>>> print(open('start06.cif').read())   # mmCIF, C-alpha atoms
data_data
#
loop_
_atom_site.label_atom_id
_atom_site.label_comp_id
_atom_site.auth_asym_id
_atom_site.auth_seq_id
_atom_site.Cartn_x
_atom_site.Cartn_y
_atom_site.Cartn_z
CA MET A 9 -145.61 1.88 -14.88
CA ASP A 10 -148.76 0.24 -16.26
CA ASN A 11 -149.12 -1.18 -19.77
CA GLN A 12 -150.95 1.86 -21.15
CA GLU A 13 -148.25 4.28 -19.96
CA PHE A 14 -145.49 2.03 -21.36
CA LEU A 15 -147.37 1.89 -24.68
CA GLU A 16 -147.57 5.71 -24.89
CA LYS A 17 -143.92 6.20 -24.00
CA ARG A 18 -142.64 3.65 -26.51
CA ARG A 19 -144.85 5.19 -29.23
CA PHE A 20 -143.28 8.57 -28.53
CA ILE A 21 -139.69 7.22 -28.53
CA ILE A 22 -140.20 5.35 -31.83
CA LYS A 23 -141.91 8.34 -33.47
CA LEU A 24 -139.17 10.67 -32.18
CA GLY A 25 -136.44 8.39 -33.56
CA LYS A 26 -138.06 8.20 -37.00
CA ALA A 27 -138.62 11.97 -37.10
CA LEU A 28 -135.02 12.82 -36.15
CA HIS A 29 -133.74 10.27 -38.70
CA LYS A 30 -135.93 11.90 -41.37
CA PHE A 31 -134.42 15.32 -40.47
CA GLY A 32 -130.88 14.04 -41.21
CA THR A 33 -129.49 13.35 -37.71
CA PRO A 34 -126.28 11.22 -37.81
CA ALA A 35 -126.66 7.72 -36.30
CA TYR A 36 -124.24 8.14 -33.38
CA ARG A 37 -125.96 11.37 -32.26
CA LEU A 38 -129.44 9.89 -32.72
CA GLU A 39 -128.67 6.72 -30.72
CA THR A 40 -127.22 8.77 -27.83
CA HIS A 41 -130.19 11.16 -27.88
CA LEU A 42 -132.78 8.35 -27.84
CA GLN A 43 -130.87 6.65 -25.00
CA GLY A 44 -131.08 9.85 -22.95
CA VAL A 45 -134.80 10.40 -23.67
CA SER A 46 -135.73 6.79 -22.84
CA ASN A 47 -133.79 6.97 -19.54
CA VAL A 48 -135.64 10.15 -18.52
CA LEU A 49 -138.96 8.47 -19.37
CA GLY A 50 -138.02 5.51 -17.15
CA ILE A 51 -137.58 3.00 -19.98
CA GLU A 52 -134.46 0.97 -20.70
CA GLY A 53 -133.72 1.38 -24.41
CA TYR A 54 -131.24 -0.07 -26.90
CA PHE A 55 -130.99 1.36 -30.41
CA LEU A 56 -129.29 0.42 -33.66
CA ILE A 57 -129.59 3.08 -36.37
CA SER A 58 -128.35 3.01 -39.98
CA PRO A 59 -129.29 5.19 -42.99
CA THR A 60 -131.93 2.67 -44.14
CA ALA A 61 -132.95 0.70 -41.01
CA MET A 62 -133.83 1.39 -37.37
CA THR A 63 -134.03 -1.12 -34.51
CA PHE A 64 -135.58 -0.22 -31.14
CA VAL A 65 -135.50 -2.51 -28.09
CA LEU A 66 -137.51 -0.97 -25.23
CA GLN A 67 -138.17 -2.53 -21.84
CA HIS A 68 -139.55 -1.42 -18.48
CA ASP A 69 -139.05 -4.69 -16.63
CA GLU A 70 -138.53 -8.32 -17.58
CA ASP A 71 -142.21 -8.75 -18.44
CA GLN A 72 -142.52 -5.61 -20.59
CA GLU A 73 -140.12 -5.77 -23.55
CA TYR A 74 -140.85 -4.49 -27.04
CA ASN A 75 -138.81 -4.81 -30.25
CA HIS A 76 -139.48 -2.58 -33.23
CA VAL A 77 -137.66 -2.81 -36.59
CA ALA A 78 -138.37 -0.26 -39.33
CA ARG A 79 -137.16 0.14 -42.91
CA VAL A 80 -136.59 3.84 -43.58
CA LYS A 81 -135.24 6.06 -46.35
CA PRO A 82 -132.03 8.07 -45.79
CA GLY A 83 -132.98 11.41 -44.23
CA ASP A 84 -132.57 14.86 -45.78
CA LEU A 85 -131.20 17.75 -43.75
CA ASP A 86 -133.96 19.86 -42.19
CA LEU A 87 -132.32 21.97 -39.49
CA GLY A 88 -135.50 23.88 -38.66
CA ALA A 89 -137.44 20.70 -37.91
CA LEU A 90 -134.45 19.37 -35.93
CA ALA A 91 -134.42 22.50 -33.72
CA ARG A 92 -138.21 22.38 -33.19
CA THR A 93 -138.05 18.69 -32.23
CA ASP A 94 -135.26 19.40 -29.74
CA GLU A 95 -137.39 22.16 -28.17
CA LEU A 96 -140.34 19.75 -28.01
CA VAL A 97 -138.28 17.12 -26.12
CA GLU A 98 -137.12 19.82 -23.66
CA GLU A 99 -140.75 20.88 -23.08
CA LEU A 100 -141.77 17.25 -22.47
CA MET A 101 -138.90 16.63 -20.03
CA SER A 102 -139.68 19.82 -18.07
CA GLY A 103 -143.37 18.88 -17.78
CA GLN A 104 -144.66 21.67 -20.05
CA ARG A 105 -146.28 19.12 -22.38
CA THR A 106 -147.97 15.78 -21.85
CA LEU A 107 -146.97 12.74 -23.91
CA GLN A 108 -150.13 13.01 -26.00
CA GLU A 109 -149.46 16.69 -26.76
CA ALA A 110 -145.84 15.85 -27.63
CA LEU A 111 -146.97 13.15 -30.09
CA GLU A 112 -149.36 15.60 -31.79
CA ARG A 113 -146.68 18.30 -31.98
CA LEU A 114 -144.18 15.80 -33.42
CA GLU A 115 -146.67 14.93 -36.17
CA GLU A 116 -147.17 18.65 -36.86
CA ILE A 117 -143.37 19.26 -37.13
CA ALA A 118 -142.89 16.28 -39.47
CA ASN A 119 -145.64 17.50 -41.84
CA LYS A 120 -144.73 21.20 -41.75
CA PRO A 121 -144.16 22.55 -45.30
CA ASN A 122 -140.93 24.25 -46.39
CA PRO A 123 -140.93 27.56 -44.45
CA TYR A 124 -139.14 29.44 -47.24
CA GLY A 125 -141.45 28.50 -50.13
CA THR A 126 -140.63 27.71 -53.75
CA LYS A 127 -139.34 31.11 -54.92
CA LEU A 128 -136.79 31.62 -52.14
CA THR A 129 -135.56 28.01 -52.47
CA LEU A 130 -135.19 28.51 -56.25
CA LEU A 131 -133.12 31.65 -55.57
CA ALA A 132 -131.02 29.75 -53.00
CA PHE A 133 -130.17 26.98 -55.50
CA GLY A 134 -129.07 29.55 -58.10
CA THR A 135 -127.12 31.55 -55.51
CA SER A 136 -125.33 28.50 -54.07
CA ALA A 137 -124.18 27.40 -57.55
CA GLY A 138 -122.95 30.93 -58.39
CA ALA A 139 -121.27 31.34 -54.97
CA PHE A 140 -119.44 28.03 -55.41
CA ALA A 141 -118.08 29.22 -58.77
CA MET A 142 -116.95 32.42 -56.99
CA LEU A 143 -115.24 30.31 -54.34
CA MET A 144 -113.33 28.52 -57.13
CA GLY A 145 -111.96 31.93 -58.20
CA THR A 146 -112.84 31.53 -61.90
CA SER A 147 -114.63 34.42 -63.69
CA TRP A 148 -117.87 36.42 -63.58
CA ASN A 149 -119.04 34.59 -66.73
CA ASP A 150 -118.75 31.26 -64.90
CA VAL A 151 -120.53 32.68 -61.84
CA PHE A 152 -123.49 33.87 -63.92
CA TRP A 153 -123.91 30.68 -65.96
CA SER A 154 -123.40 28.47 -62.88
CA GLY A 155 -126.26 30.37 -61.23
CA MET A 156 -128.47 29.74 -64.27
CA LEU A 157 -127.71 25.99 -64.15
CA GLY A 158 -128.46 26.02 -60.40
CA LEU A 159 -131.94 27.43 -61.15
CA MET A 160 -132.52 24.67 -63.72
CA VAL A 161 -131.43 22.02 -61.19
CA TYR A 162 -133.99 23.28 -58.67
CA GLY A 163 -136.68 22.84 -61.34
CA LEU A 164 -135.75 19.14 -61.45
CA VAL A 165 -135.69 18.90 -57.63
CA TYR A 166 -139.14 20.53 -57.46
CA ARG A 167 -140.48 17.98 -59.97
CA ALA A 168 -138.80 15.08 -58.13
CA GLU A 169 -140.57 16.03 -54.89
CA ARG A 170 -143.85 15.30 -56.68
CA SER A 171 -142.87 12.31 -58.85
CA LYS A 172 -141.38 9.02 -57.62
CA ARG A 173 -140.05 8.15 -61.09
CA MET A 174 -138.31 11.50 -61.33
CA ALA A 175 -136.83 11.15 -57.83
CA GLU A 176 -135.15 7.85 -58.78
CA MET A 177 -133.17 9.42 -61.63
CA LEU A 178 -132.82 12.98 -60.26
CA GLU A 179 -129.03 13.19 -59.74
CA PRO A 180 -127.80 11.61 -63.00
CA LEU A 181 -130.48 13.46 -65.00
CA ALA A 182 -129.42 16.80 -63.45
CA ALA A 183 -125.78 16.02 -64.32
CA ILE A 184 -126.67 15.06 -67.93
CA LEU A 185 -128.71 18.23 -68.52
CA CYS A 186 -126.09 20.49 -66.88
CA ALA A 187 -123.36 19.01 -69.12
CA ILE A 188 -125.42 19.37 -72.33
CA LEU A 189 -126.44 22.93 -71.48
CA ALA A 190 -122.82 23.81 -70.58
CA TYR A 191 -121.74 22.96 -74.15
CA GLY A 192 -124.65 25.03 -75.49
CA ILE A 193 -123.60 27.97 -73.27
CA ALA A 194 -119.97 27.63 -74.46
CA LYS A 195 -121.24 28.12 -78.03
CA ILE A 196 -122.74 31.49 -77.00
CA ASP A 197 -120.01 32.47 -74.51
CA PRO A 198 -116.64 30.81 -75.30
CA SER A 199 -115.06 32.27 -72.15
CA VAL A 200 -116.89 29.81 -69.83
CA ASN A 201 -114.97 26.98 -68.21
CA ILE A 202 -117.24 24.01 -69.06
CA PRO A 203 -116.14 21.59 -66.29
CA VAL A 204 -116.42 24.37 -63.66
CA ILE A 205 -119.97 25.43 -64.53
CA ILE A 206 -121.09 21.78 -64.69
CA LEU A 207 -119.60 21.11 -61.24
CA SER A 208 -121.09 24.33 -59.82
CA GLY A 209 -124.51 23.48 -61.25
CA ILE A 210 -124.65 20.08 -59.53
CA ILE A 211 -122.69 21.08 -56.39
CA ILE A 212 -125.80 20.73 -54.22
CA PHE A 213 -125.80 16.97 -54.97
CA ILE A 214 -122.05 16.38 -54.44
CA PRO A 215 -121.99 14.20 -51.29
CA GLY A 216 -119.08 15.82 -49.46
CA LEU A 217 -121.09 16.30 -46.25
CA ALA A 218 -122.42 12.72 -46.40
CA LEU A 219 -118.86 11.38 -46.77
CA THR A 220 -117.70 13.46 -43.80
CA LEU A 221 -120.64 12.33 -41.62
CA GLY A 222 -119.97 8.72 -42.63
CA LEU A 223 -116.31 9.02 -41.63
CA ALA A 224 -117.34 10.73 -38.36
CA GLU A 225 -119.66 7.79 -37.64
CA LEU A 226 -116.82 5.35 -38.34
CA ALA A 227 -114.57 7.37 -36.00
CA ALA A 228 -117.31 7.09 -33.34
CA ARG A 229 -117.22 3.25 -33.87
CA ASP A 230 -120.70 3.28 -35.40
CA LEU A 231 -119.44 0.89 -38.05
CA ILE A 232 -122.67 -0.26 -39.74
CA SER A 233 -124.11 3.23 -40.25
CA GLY A 234 -120.72 4.77 -41.15
CA THR A 235 -119.93 2.13 -43.79
CA ALA A 236 -123.44 2.37 -45.29
CA ARG A 237 -123.30 6.18 -45.44
CA VAL A 238 -119.83 6.25 -47.05
CA MET A 239 -120.83 3.67 -49.70
CA ASP A 240 -124.10 5.51 -50.41
CA ALA A 241 -122.12 8.75 -50.90
CA PHE A 242 -119.70 7.05 -53.31
CA MET A 243 -122.58 5.55 -55.32
CA LEU A 244 -124.15 9.02 -55.61
CA LEU A 245 -120.79 10.41 -56.74
CA PHE A 246 -120.51 7.69 -59.42
CA LYS A 247 -124.07 8.41 -60.65
CA LEU A 248 -123.29 12.12 -60.94
CA TYR A 249 -119.99 11.48 -62.67
CA PHE A 250 -121.55 9.09 -65.19
CA GLY A 251 -124.28 11.66 -65.89
CA VAL A 252 -121.65 14.33 -66.57
CA ILE A 253 -119.61 12.06 -68.89
CA LEU A 254 -122.75 11.09 -70.85
CA GLY A 255 -124.00 14.70 -70.97
CA MET A 256 -120.62 15.98 -72.19
CA ALA A 257 -120.57 13.36 -74.97
CA ILE A 258 -124.10 14.36 -76.07
CA GLY A 259 -123.30 18.09 -75.77
CA LYS A 260 -120.15 17.68 -77.86
CA ALA A 261 -122.11 15.76 -80.52
CA ILE A 262 -124.84 18.44 -80.70
CA PHE A 263 -122.84 21.66 -80.33
CA GLY A 264 -119.32 20.56 -81.29
CA GLU A 265 -116.03 21.77 -79.80
CA THR A 266 -115.53 25.44 -78.93
CA THR A 267 -112.27 27.35 -78.58
CA TYR A 268 -111.85 28.51 -74.97
CA VAL A 269 -111.21 32.25 -74.60
CA PRO A 270 -109.66 32.92 -71.16
CA PRO A 271 -111.64 35.67 -69.34
CA GLU A 272 -110.52 37.98 -66.54
CA THR A 273 -110.26 36.17 -63.21
CA LEU A 274 -112.30 37.22 -60.18
CA PRO A 275 -110.87 39.78 -57.74
CA THR A 276 -109.85 38.47 -54.29
CA TRP A 277 -112.74 40.22 -52.52
CA ALA A 278 -115.22 38.19 -54.62
CA ILE A 279 -113.79 34.91 -53.31
CA TRP A 280 -114.12 36.16 -49.72
CA ALA A 281 -117.65 37.43 -50.35
CA ALA A 282 -118.61 33.98 -51.69
CA VAL A 283 -118.47 32.44 -48.18
CA PRO A 284 -121.28 34.46 -46.50
CA ILE A 285 -123.31 34.30 -49.76
CA LEU A 286 -123.00 30.50 -49.90
CA SER A 287 -123.75 30.20 -46.16
CA THR A 288 -126.89 32.33 -46.58
CA ALA A 289 -128.10 30.12 -49.44
CA LEU A 290 -127.48 27.01 -47.31
CA VAL A 291 -129.70 28.42 -44.54
CA ILE A 292 -132.62 28.25 -46.99
CA ILE A 293 -131.64 24.91 -48.59
CA PHE A 294 -131.20 23.26 -45.14
CA LYS A 295 -134.49 24.89 -43.97
CA ALA A 296 -132.91 26.43 -40.85
CA ARG A 297 -135.11 28.74 -38.76
CA LEU A 298 -134.69 32.48 -39.28
CA LYS A 299 -133.61 33.01 -35.65
CA ASP A 300 -130.85 30.39 -36.12
CA SER A 301 -129.69 31.66 -39.52
CA PRO A 302 -127.14 34.31 -38.31
CA TRP A 303 -125.40 31.61 -36.24
CA GLY A 304 -125.28 29.26 -39.26
CA ILE A 305 -123.87 31.97 -41.54
CA LEU A 306 -121.28 32.88 -38.89
CA ALA A 307 -120.33 29.18 -38.62
CA GLY A 308 -119.47 29.12 -42.34
CA ILE A 309 -117.35 32.28 -41.98
CA VAL A 310 -115.56 30.90 -38.86
CA ALA A 311 -114.83 27.59 -40.64
CA PHE A 312 -113.53 29.15 -43.87
CA PHE A 313 -111.33 31.86 -42.39
CA SER A 314 -109.91 29.58 -39.64
CA ALA A 315 -109.01 27.05 -42.34
CA MET A 316 -107.48 29.79 -44.49
CA LEU A 317 -105.41 31.10 -41.57
CA GLY A 318 -104.26 27.56 -40.70
CA ALA A 319 -103.36 26.92 -44.36
CA ILE A 320 -100.99 29.93 -44.39
CA TYR A 321 -98.83 28.38 -41.64
CA PHE A 322 -99.40 24.61 -41.98
CA GLY A 323 -100.55 23.95 -45.57
CA GLU A 324 -104.05 23.52 -47.01
CA SER A 325 -104.86 20.01 -45.77
CA ILE A 326 -103.80 20.68 -42.16
CA GLY A 327 -105.40 24.14 -42.32
CA ILE A 328 -108.76 22.34 -42.70
CA PHE A 329 -108.10 20.71 -39.29
CA PHE A 330 -108.02 24.16 -37.68
CA GLY A 331 -111.20 25.13 -39.56
CA ALA A 332 -113.01 22.02 -38.26
CA LEU A 333 -111.61 22.57 -34.74
CA ALA A 334 -112.79 26.20 -34.70
CA VAL A 335 -116.28 25.44 -36.03
CA GLY A 336 -116.61 22.44 -33.68
CA ILE A 337 -115.79 24.59 -30.63
CA TYR A 338 -118.04 27.38 -31.94
CA SER A 339 -121.02 25.01 -32.43
CA ASN A 340 -120.62 23.45 -28.95
CA LEU A 341 -120.53 26.94 -27.40
CA TYR A 342 -123.56 27.93 -29.50
CA ALA A 343 -125.43 24.85 -28.19
CA ARG A 344 -124.63 25.91 -24.60
CA TRP A 345 -125.58 29.56 -25.03
CA MET A 346 -128.68 29.10 -27.16
CA LYS A 347 -129.83 25.74 -25.70
CA ALA A 348 -130.19 24.41 -29.25
CA PRO A 349 -128.69 21.42 -31.15
CA ALA A 350 -125.00 21.93 -32.02
CA SER A 351 -125.74 20.39 -35.45
CA ILE A 352 -127.50 23.60 -36.55
CA ALA A 353 -124.24 25.56 -36.55
CA LEU A 354 -121.87 22.63 -37.08
CA LEU A 355 -123.31 21.28 -40.34
CA GLN A 356 -123.51 24.72 -41.97
CA GLY A 357 -119.84 25.28 -41.08
CA ILE A 358 -118.58 21.84 -42.08
CA VAL A 359 -120.27 21.98 -45.50
CA ILE A 360 -117.98 24.93 -46.37
CA LEU A 361 -114.92 22.80 -45.55
CA VAL A 362 -115.83 19.42 -47.07
CA PRO A 363 -113.91 18.59 -50.22
CA GLY A 364 -116.87 17.09 -52.11
CA SER A 365 -115.91 19.05 -55.22
CA LYS A 366 -112.31 17.85 -54.91
CA THR A 367 -113.53 14.24 -54.68
CA TYR A 368 -115.37 14.77 -57.98
CA ILE A 369 -112.28 16.43 -59.53
CA GLY A 370 -110.12 13.55 -58.27
CA LEU A 371 -112.50 11.03 -59.86
CA ASN A 372 -112.26 12.94 -63.14
CA THR A 373 -108.44 12.87 -62.96
CA LEU A 374 -108.43 9.14 -62.12
CA ILE A 375 -110.75 8.10 -64.99
CA LEU A 376 -109.93 10.55 -67.77
CA GLY A 377 -106.48 11.72 -66.71
CA GLU A 378 -107.69 15.32 -67.15
CA THR A 379 -107.43 18.00 -64.47
CA ILE A 380 -110.13 20.63 -64.02
CA PHE A 381 -107.82 22.76 -61.88
CA ASN A 382 -104.04 22.58 -61.81
CA GLN A 383 -103.65 20.60 -58.57
CA SER A 384 -101.17 17.78 -57.96
CA HIS A 385 -101.47 14.85 -55.50
CA LEU A 386 -105.22 15.43 -55.37
CA GLY A 387 -106.11 11.94 -54.05
CA ILE A 388 -103.77 12.26 -51.04
CA GLN A 389 -105.01 15.81 -50.46
CA ILE A 390 -108.68 14.71 -50.42
CA PHE A 391 -107.92 11.91 -47.95
CA LEU A 392 -105.97 14.27 -45.68
CA ILE A 393 -108.76 16.87 -45.75
CA PHE A 394 -111.43 14.34 -44.74
CA MET A 395 -109.21 13.03 -41.93
CA SER A 396 -108.45 16.61 -40.83
CA ILE A 397 -112.17 17.42 -40.55
CA VAL A 398 -112.92 14.29 -38.49
CA ALA A 399 -109.88 14.89 -36.24
CA GLY A 400 -110.80 18.57 -35.82
CA LEU A 401 -114.32 17.64 -34.67
CA ILE A 402 -112.98 15.04 -32.20
CA PHE A 403 -110.51 17.56 -30.70
CA ALA A 404 -113.26 20.22 -30.55
CA ASN A 405 -115.45 17.88 -28.44
CA VAL A 406 -112.50 17.35 -26.09
CA ALA A 407 -111.75 21.10 -25.83
CA VAL A 408 -115.40 22.08 -25.25
CA PRO A 409 -117.42 18.95 -24.34
CA PRO A 410 -120.93 19.01 -25.86
CA ARG A 411 -123.73 19.22 -23.30
CA ARG A 412 -126.43 18.26 -25.79
CA THR A 413 -126.66 15.04 -27.78
CA LEU A 414 -128.07 16.48 -31.03
#
>>> encode(input="start06.cif", output="structure tokens")
Amino acid sequence: MDNQEFLEKRRFIIKLGKALHKFGTPAYRLETHLQGVSNVLGIEGYFLISPTAMTFVLQHDEDQEYNHVARVKPGDLDLGALARTDELVEELMSGQRTLQEALERLEEIANKPNPYGTKLTLLAFGTSAGAFAMLMGTSWNDVFWSGMLGLMVYGLVYRAERSKRMAEMLEPLAAILCAILAYGIAKIDPSVNIPVIILSGIIIFIPGLALTLGLAELAARDLISGTARVMDAFMLLFKLYFGVILGMAIGKAIFGETTYVPPETLPTWAIWAAVPILSTALVIIFKARLKDSPWGILAGIVAFFSAMLGAIYFGESIGIFFGALAVGIYSNLYARWMKAPASIALLQGIVILVPGSKTYIGLNTLILGETIFNQSHLGIQIFLIFMSIVAGLIFANVAVPPRRTL
């Protein structure tokens, strides 16, 4: 291998690593994937990935060694771009593309605009907030107003994508505005459950998935990335919680206290219908490709109903283990059948199981001593659920070993 060829190959590996990191690939999967790609390209590679830093050590022989260290921002989930990048690597490995063509295509994927556009994404934010309220089994009033707050939150997200200053304060600002508006809504409609509609409005920011991925990285002995991801998730949770506390204080000062009028609770079918509705909204929010979307929606349904079935016989916390096991096996089989990254199905299933909302509720109970829902031993339950998800995914990989690294 001459110097020019080595230069091209290392450029591709570094660009591929940065792109996959940007698309939200967990560190342990990304390191394994880059190792495989570099081996196929005839380069010996060593990688150290964390949410904010990437280190590449690439060598062909003793005379050709290259170190590259990059400071990066934590990636956002983009399942469509992840699938396209995986296809690109397959095309390169099979000789369908040259390295130069692969580099150009990688640049094209990274700069591709949101395939669903502003209006559909706005609808998805409103739908996900309303579907979460349905999943909580509250009332139709809460579902409607949660959806309205979800639409408002997307307005802030849209603005943050175009303003650095806005991006820095996005999460706490969204929480403050949701809390203030919730008190205003309660003045008009006293049958709304204020804490529930606030939580539903900001549910898209609650870092349940990030906490689960962090714990999965720790379980895979990727200690630096796992610790960083878990701490980042907790800091985001604290920012959201502070925003809610401040917003509630302002809302109470402006609108005053309202007497809660208990409404009719949702029928059982509405709670079941919430799962496919929420999964469909997540397809748009996670930017999954249309051809992958049925598999993602099915993953959410498999996860939820497996967990529910397990909960009937073994209790809620252990039931989650069976949900994670089922969706882990399902996603590994999907990756085999469809020759696509398992993450596409896995993440859309896991997000239905993660107890991000319960972590927030537990924080509320710990600080204020108030319970949003009547649940005891919440802290132990949250810990058990997280551990059940991680254990379920480990057992799933043993039952049906993954054949793809992403």
>>> closest_residue(input="start06.cif", among="A:Leu231, A:Ala282, A:Leu333, A:Val48", to="Ile309 in chain A", atoms="all atoms listed in the file")
A:Ala282
>>> closest_residue(input="start06.cif", among="A:Tyr162, A:Tyr54, A:Phe322, A:Phe242", to="Thr135 in chain A", atoms="all atoms listed in the file")
A:Tyr162
>>> closest_residue(input="start06.cif", among="A:Ala194, A:Val362, A:Ala182, A:Leu90", to="Asn149 in chain A", atoms="all atoms listed in the file")
A:Ala194
>>> residues_around(input="start06.cif", residues="Thr220 in chain A", least_positions_apart="6", cutoff="8 Å", atoms="only C-alpha atoms", output="VMD selection string")
chain A and resid 362 394 397 to 398
>>> resolve_selection(input="start06.cif", expression="the PyMOL selection byres ((chain A and resi 102-114) around 8)", output="ChimeraX atom specification")
/A:16-17,20,23-24,27,93,96-101,115-118
>>> atom_distance(input="start06.cif", atom1="CA of Ile202 in chain A", atom2="CA of Glu179 in chain A")
18.5 Å
